Amino acid sequence: MNAAIATQLTTPIRVALVGNPNSGKTATFNALTGARQKVANYAGVTVERKEGQLLCPDGQRMVVIDLPGTYSLRARSPDEVVTRDAILGHLAGEVPPDVVICVADATNLRLILRLALELKAVGRPTVLALNMIDIAERQGLDIDQTQLSHALGMPVIATVATRKRGVSDLVAAVQKLAQSADAPKDHGWTEPSAMQVRSLHKQAERIVKSCVHPPRRPDTWTGRLDDVLLHPVGGVLILLAVLFVMFQAVFTGAKPVMDLISEGFGGLSAMVAQILPEGLLKSLICNGVIAGVGTVVVFLPQIMILFLFIILLEDVGYMARAAFLLDRIMGGAGLHGRAFIPLLSSFACAIPGIMATRVIDNRRDRLTTIMVAPLMTCSARIPVYTLIISAFVPARQVLGGLSLQGLVFFGLYACGMLSALAAAWVIRKVFWRSASEPFLMELPTYKVPDAANVIRSVLLRAHIFLKRAGTTILSMMVLIWFLCTVPGKPAGAAGPAIDYSYAGQIGHFIAPVMAPVGFSWQMAVALIPGMAAREVAVGALGTVYAVSGGEGAAGALGAHLAHEWSLASALAFLAWYVFAPQCASTLGVVKRETNSWLWPVVMFTYMTALAYAGAFVVYRIAVAMGAG
Amino acid sequence: MPKAPLPLTMSISLQNRPAPPDSKLVSLAEGRKGFAGMIAEVSTHGCDKDALDYRELERRLLEMGFVEGARVEILHEGFIGRDPICVRLDDMRVALRRKEARGVLVRQDTT
């Protein structure tokens with residue numbers, strides 16, 4: 001007996017959560033495990049692995065895994081493959097679960113019952129959690145739980161995950177099942193044919209008919225809201241308004257906090273600089289590490305605001321509607337309707353934009369969106385555009401009152417947007433032709449989001465960004481610092497220090513390659529530190545031309561550049577910045593989101609090629625028109 | 001899979017079947033807003049030339065609940081080319097493109 005208790009204490013019960021999308025699976029996971037969660041990636045795929053722990057009342061430990069939402073074990077996306085393999089115990093390095101909790105939306109049982117029957121057929125001990133039972137009760141939907149449990153041959157527990165109702169019953173049922181059940185029998189699993197899906201569905205349908213009595217007060221809100229929100233004209237206008245507010249919040253709402261963070265790290269760097277003795281170590285800590293950490297943290301406000309919106313829209317049930325409204329537009333470029341949000345966010349910054357591609361389920365759709373997101377004109381390009389435009393484009397009015405500078409600015413934005421759509425089109429229609437995904441999506445009923453769950457999800461995103469992408473970005477920042485600082489300037493040498501560093505040497509090395517697009521060697525050198533972030537190019541140009549004052553003194557720098565560069569070179573530089581992957585952080589976050597170095601390398605290569613071609617064409621045309 | 005007898009579903013579909021058995025089936029892809037009826041057949045043969053294998057599409061439709069005997073009604077249409085469509089499917093709401101709805105054949109209500 002004592003030995004039995006001892007084993008109980010040492011080997012936790014392994015529980016897997018399975019359910020349709022929108023069934024409240026994540027809320028159930030949060031209710032079960034509270035804050036004791038960790039997020040990692042499954043080996044070799046981009047799918048997130050969420051694991052949490054809890055202690056049962058009798059001291060037994062339980063490990064809970066939240067699996068990606070699915071409608072069937074017949075997996076159709078990498079996420080669903082993980083769900084299936086985790087349940088079947090086919091996942092390398094994963095112990096199969098002792099018990100499966102099948103989370104059902106009590107108001108929408110048909111499809112989840114089919115999944116429950118599938119789970120039963122593979123021989124996993126399963127508990128059905130009848131979630132959102134409060135909404136079912138409010139609608140006057142009667143579910144005969146005893147009969148349902150009997151018909152399915154598994155325990156049925158009513159829960160309200162957001163209020164932790166029924167959670168202790170759920171834990172008790174899982175424990176009981178884990179103790180009573182024999183070792184999970186593997187009945188094997190083969191992909192069901194269409195006829196088998198039909199037969200399972202009929203079985204589920206019969207169970208629904210016998211156990212569920214239709215609601216006396218059905219939800220009419222969803223229908224009434226959809227009449228407005230899916231209206232061909234009104235719905236689109238509302239969607240544009242929602243997107244506008246979101247974009248504004250990400251773009252301008254985050255600005256004060258970001259400025260504060262930048263200043264904070266600047267101040268910290270200056271403070272540390274006073275303490276440390278002059279030398280390489282001081283430079284490493286101030287310009288490498290502190291500046292690098294600052295680069296990472298400065299993204300947090302945008303990421304958190306964007307994800308607050310995304311999670312709210314998702315939890316309310318609006319995200320699926322937005323995808324419905326935008327499917328045709330995005331579909332024209334070969335993208336999924338949901339790609340709109342990541343792409344729009346990329347106008348502020350590609351980092352949160354690329355993280356937001358998580359809303360797209362299909363792997364190829366998600367990768368395509370990740371690949372084109374950095375082409376959208378992010379806010380870090382603005383300082384570069386402003387510098388060059390104000391130095392080279394005359395402040396003139398054209399076409400009856402339009403500012404020429406503003407027109408060029410708008411043209412650069414349009415260029416970015418069109419090239420992103422064109423690149424997506426090429427990827428989807430040329431390279432990944434064969435894989436057009438059907439657009440087949442449940443539109444969930446509207447729900448009031450649960451504040452605690454929303455906050456937890458936003459914090460989780462922030463945590464993941466800091467921990468996973470942050471480390472990559474930081475190491476890249478230190479690498480760029482190293483290239484720009486080492487070796488130091490010899491005593492008594494002339495010219496700026498960067499000239500003597502590895503970055504300077506690389507710049508001189510690539511200068512002949514850059515000559516055909518009209519770049520001087522100084523411009524080539526400035527591209528290396530410019531990898532830290534696009535706006536750094538302004539400071540970097542200041543450094544190589546030894547114009548003091550840095551970013552603040554854009555006027556002086558602009559005047560200097562206007563004197564040094566030809567108009568053709570300046571236009572080529574602008575074209576370069578429309579396309580070039582001048583942002584190590586973006587590459588870092590792509591690495592994190594795709595869980596592989598392949599995609600950042602592909603991105604770097606194709607964007608550099610595009611930038612070179614763009615700059616070349618612009619330079620040659622400008623020279624031919626006499627602007628050389 | 002257990003061979004399940006189908007009395008319940010059968011009787012229900014017989015009760016609710018409003019049209020005579022010889023009435024023509026209409027593809028869900030052809031319906032306009034307000035189009036309603038009962039799914040009589042899900043058959044995606046030669047449906048989608050673009051990509052997805054028709055057997056795969058059939059199973060996806062079935063898994064989403066587009067099954068013989070289910071009730072469908074077109075609730076909303078997209079604003080470009082009336083595509084995609086949003087349908088009520090029994091007690092769920094599902095969005096899909098007309099291209100994918102082609103294989104869902106509906107016995108239209110005669111009201």
# chains A, B, ... in the order shown; residues from 1 in each chain; ligands from 1
call {"tool": "residues_around", "arguments": {"residues": "segment 109-111 of chain A", "least_positions_apart": "3", "cutoff": "10 Å", "atoms": "only C-alpha atoms", "output": "number ranges by chain"}}
result
A: 19-20, 23, 71-72, 104-106, 114-116, 130, 200-209, 212; B: 62-65, 90-92
call {"tool": "closest_atom_pairs", "arguments": {"of": "chain A", "to": "chain B", "cutoff": "7 Å", "atoms": "only C-alpha atoms", "output": "JSON lines"}}
result
{"residue": "A:Tyr71", "atom": "CA", "partner": "B:Glu63", "partner_atom": "CA", "distance": 6.8}
{"residue": "A:Leu111", "atom": "CA", "partner": "B:Gly65", "partner_atom": "CA", "distance": 6.9}
{"residue": "A:Ala194", "atom": "CA", "partner": "B:Arg59", "partner_atom": "CA", "distance": 5.3}
{"residue": "A:Gln196", "atom": "CA", "partner": "B:Met1", "partner_atom": "CA", "distance": 6.9}
{"residue": "A:Val197", "atom": "CA", "partner": "B:Leu62", "partner_atom": "CA", "distance": 6.8}
{"residue": "A:Arg198", "atom": "CA", "partner": "B:Leu62", "partner_atom": "CA", "distance": 6.8}
{"residue": "A:Arg206", "atom": "CA", "partner": "B:Leu8", "partner_atom": "CA", "distance": 6.7}
{"residue": "A:Leu230", "atom": "CA", "partner": "B:His76", "partner_atom": "CA", "distance": 6.7}
{"residue": "A:Pro232", "atom": "CA", "partner": "B:Phe79", "partner_atom": "CA", "distance": 4.7}
{"residue": "A:Phe324", "atom": "CA", "partner": "B:Ala95", "partner_atom": "CA", "distance": 6.7}
{"residue": "A:Leu325", "atom": "CA", "partner": "B:Gly78", "partner_atom": "CA", "distance": 6.2}
{"residue": "A:Arg328", "atom": "CA", "partner": "B:Ile80", "partner_atom": "CA", "distance": 6.7}
{"residue": "A:Ser434", "atom": "CA", "partner": "B:Ala51", "partner_atom": "CA", "distance": 5.3}
{"residue": "A:Ala435", "atom": "CA", "partner": "B:Ala51", "partner_atom": "CA", "distance": 5.9}
{"residue": "A:Ser436", "atom": "CA", "partner": "B:Ala51", "partner_atom": "CA", "distance": 5.7}
{"residue": "A:Pro438", "atom": "CA", "partner": "B:Glu100", "partner_atom": "CA", "distance": 6.7}
{"residue": "A:Phe439", "atom": "CA", "partner": "B:Leu96", "partner_atom": "CA", "distance": 5.3}
{"residue": "A:Leu440", "atom": "CA", "partner": "B:Leu96", "partner_atom": "CA", "distance": 4.5}
{"residue": "A:Met441", "atom": "CA", "partner": "B:Ala95", "partner_atom": "CA", "distance": 5.2}
{"residue": "A:Glu442", "atom": "CA", "partner": "B:Val94", "partner_atom": "CA", "distance": 4.3}
{"residue": "A:Leu443", "atom": "CA", "partner": "B:Arg93", "partner_atom": "CA", "distance": 5.2}
{"residue": "A:Pro444", "atom": "CA", "partner": "B:Arg93", "partner_atom": "CA", "distance": 6.9}
call {"tool": "closest_residue", "arguments": {"among": "A:Val250, A:Ala556, A:Ala323, A:Ile388", "to": "Gln405 of chain A", "atoms": "only C-alpha atoms"}}
result
A:Ile388
call {"tool": "atom_distance", "arguments": {"atom1": "atom CA of Phe299 of chain A", "atom2": "atom CA of Met258 of chain A"}}
result
7.5 Å
call {"tool": "select_by_dssp", "arguments": {"residues": "segment 373-429 of chain A", "states": "strand (DSSP E)", "output": "VMD selection string"}}
result
chain A and resid 397 to 398 402 to 403
call {"tool": "write_last_selection", "arguments": {"atoms": "N, CA and C atoms", "output": "PDB file, in the first residue's frame"}}
result
ATOM      1  N   GLN A 397       4.966  71.716 -54.648  1.00  0.00           N
ATOM      2  CA  GLN A 397       3.609  71.220 -54.785  1.00  0.00           C
ATOM      3  C   GLN A 397       3.410  70.797 -56.231  1.00  0.00           C
ATOM      4  N   VAL A 398       2.794  69.647 -56.419  1.00  0.00           N
ATOM      5  CA  VAL A 398       2.517  69.173 -57.771  1.00  0.00           C
ATOM      6  C   VAL A 398       1.046  68.803 -57.872  1.00  0.00           C
ATOM      7  N   LEU A 402      -0.692  68.994 -54.165  1.00  0.00           N
ATOM      8  CA  LEU A 402      -0.136  67.831 -53.468  1.00  0.00           C
ATOM      9  C   LEU A 402       1.353  68.040 -53.238  1.00  0.00           C
ATOM     10  N   SER A 403       1.788  67.746 -52.042  1.00  0.00           N
ATOM     11  CA  SER A 403       3.205  67.883 -51.738  1.00  0.00           C
ATOM     12  C   SER A 403       3.980  66.767 -52.428  1.00  0.00           C
TER      13      SER A 403
END
call {"tool": "closest_residue", "arguments": {"among": "A:Ile87, A:Ala584, A:Val384, A:Met514", "to": "Gly542 of chain A", "atoms": "only C-alpha atoms"}}
result
A:Val384
call {"tool": "residues_around", "arguments": {"residues": "Leu25 of chain B", "least_positions_apart": "5", "cutoff": "7 Å", "atoms": "only C-alpha atoms", "output": "ChimeraX atom specification"}}
result
/B:105-107
call {"tool": "write_last_selection", "arguments": {"atoms": "C-alpha atoms", "output": "PDB file, in the first residue's frame"}}
result
ATOM      1  CA  LEU B 105     -26.189  18.926 -53.078  1.00  0.00           C
ATOM      2  CA  VAL B 106     -29.294  20.245 -51.409  1.00  0.00           C
ATOM      3  CA  ARG B 107     -32.955  19.360 -51.686  1.00  0.00           C
TER       4      ARG B 107
END
call {"tool": "residues_around", "arguments": {"residues": "segment 28-35 of chain A", "least_positions_apart": "3", "cutoff": "6 Å", "atoms": "only C-alpha atoms", "output": "ChimeraX atom specification"}}
result
/A:25,52-54,161,164
call {"tool": "atom_distance", "arguments": {"atom1": "atom CA of Asp142 of chain A", "atom2": "atom CA of Tyr446 of chain A"}}
result
20.5 Å
